[in-house]
Amino acid sequence: MKKKNRVKKNEEFQDVFQNGTSNANRQFVVYQLEKPDQPYFRIGLSVSKKLGNAVMRNRIKRMIRQAFTELKDEIDSGKDFVIIARKPCSDMDYEQLKKSLIHALHRSGVKLAKSSEIRGK
């Protein structure tokens, strides 16, 4: 994931939380904020210490980033996303996590071009 595709600063996170919309499933909370003048999407990740030690938290973040990298051509550009991982993520493998993330993105109204192909796998 390139640096331009990351939400890093606290002010940017707060902007998404306060002005964006949110949706959730059991594993993730997805906040999104429209940025029409931005030609790409950006993501910010939040993984609490409740989910495990640093190794587990970094593993979850790597898997979420990898899922977004694989889905980058199908996700709407011009948005900022903040993904908050919940407790069940710590017990999931990559395929389960990706499927759950796609489900959470669908619930939040993000259009995935090839989502039916992904869901079939």
# chains A, B, ... in the order shown; residues from 1 in each chain; ligands from 1
$ residues_around --residues "segment 7-19 of chain A" --least-positions-apart "2" --cutoff "8 Å" --atoms "only C-alpha atoms" --output "number ranges by chain"
A: 5, 21, 31-33, 42-44, 80-82
$ write_last_selection --atoms "C-alpha atoms" --output "compact mmCIF listing (two decimals), in the first residue's frame"
# COMPACT_ATOMS: atom_id res chain seq x y z
CA ASN A 5 -3.26 5.67 -0.10
CA THR A 21 -20.89 7.49 7.32
CA TYR A 31 -16.27 4.54 8.07
CA GLN A 32 -16.20 6.29 4.71
CA LEU A 33 -16.01 9.92 3.64
CA ARG A 42 -7.19 6.08 1.09
CA ILE A 43 -7.52 3.76 4.06
CA GLY A 44 -6.75 4.11 7.73
CA ASP A 80 -11.34 7.94 2.59
CA PHE A 81 -11.98 4.75 4.56
CA VAL A 82 -11.25 4.00 8.19
$ residues_around --residues "Gly52 of chain A" --least-positions-apart "5" --cutoff "12 Å" --atoms "only C-alpha atoms" --output "list in words"
Val47, Arg57, Asn58, Arg59, Ile60, Ala85, Arg86, Lys87, Pro88, Cys89, Ser90 and Asp91 of chain A
$ closest_residue --among "A:Leu112, A:Leu51, A:Met92, A:Leu101" --to "Asp76 of chain A" --atoms "only C-alpha atoms"
A:Leu112
$ residues_around --residues "Leu45 of chain A" --least-positions-apart "3" --cutoff "7 Å" --atoms "only C-alpha atoms" --output "list in words"
Lys61, Val82, Ile83 and Ile84 of chain A
$ select_by_dssp --residues "chain A" --states "strand (DSSP E or B)" --output "compact mmCIF listing (two decimals) with C-alpha atoms, in the first residue's frame"
# COMPACT_ATOMS: atom_id res chain seq x y z
CA ARG A 6 -3.05 5.90 3.70
CA THR A 21 -20.89 7.49 7.32
CA SER A 22 -20.38 4.15 9.05
CA ASN A 23 -21.55 0.58 8.70
CA ALA A 24 -20.51 -2.60 10.43
CA PHE A 28 -15.32 -4.70 11.04
CA VAL A 29 -16.62 -1.17 11.32
CA VAL A 30 -16.20 0.74 8.06
CA TYR A 31 -16.27 4.54 8.07
CA GLN A 32 -16.20 6.29 4.71
CA LEU A 33 -16.01 9.92 3.64
CA GLU A 34 -16.57 11.19 0.11
CA ARG A 42 -7.19 6.08 1.09
CA ILE A 43 -7.52 3.76 4.06
CA GLY A 44 -6.75 4.11 7.73
CA LEU A 45 -6.62 1.14 10.07
CA SER A 46 -7.43 0.85 13.74
CA VAL A 47 -6.68 -2.39 15.57
CA LYS A 79 -13.10 8.23 -0.73
CA ASP A 80 -11.34 7.94 2.59
CA PHE A 81 -11.98 4.75 4.56
CA VAL A 82 -11.25 4.00 8.19
CA ILE A 83 -11.46 0.31 9.05
CA ILE A 84 -11.80 -0.70 12.70
CA ALA A 85 -11.13 -4.38 13.38
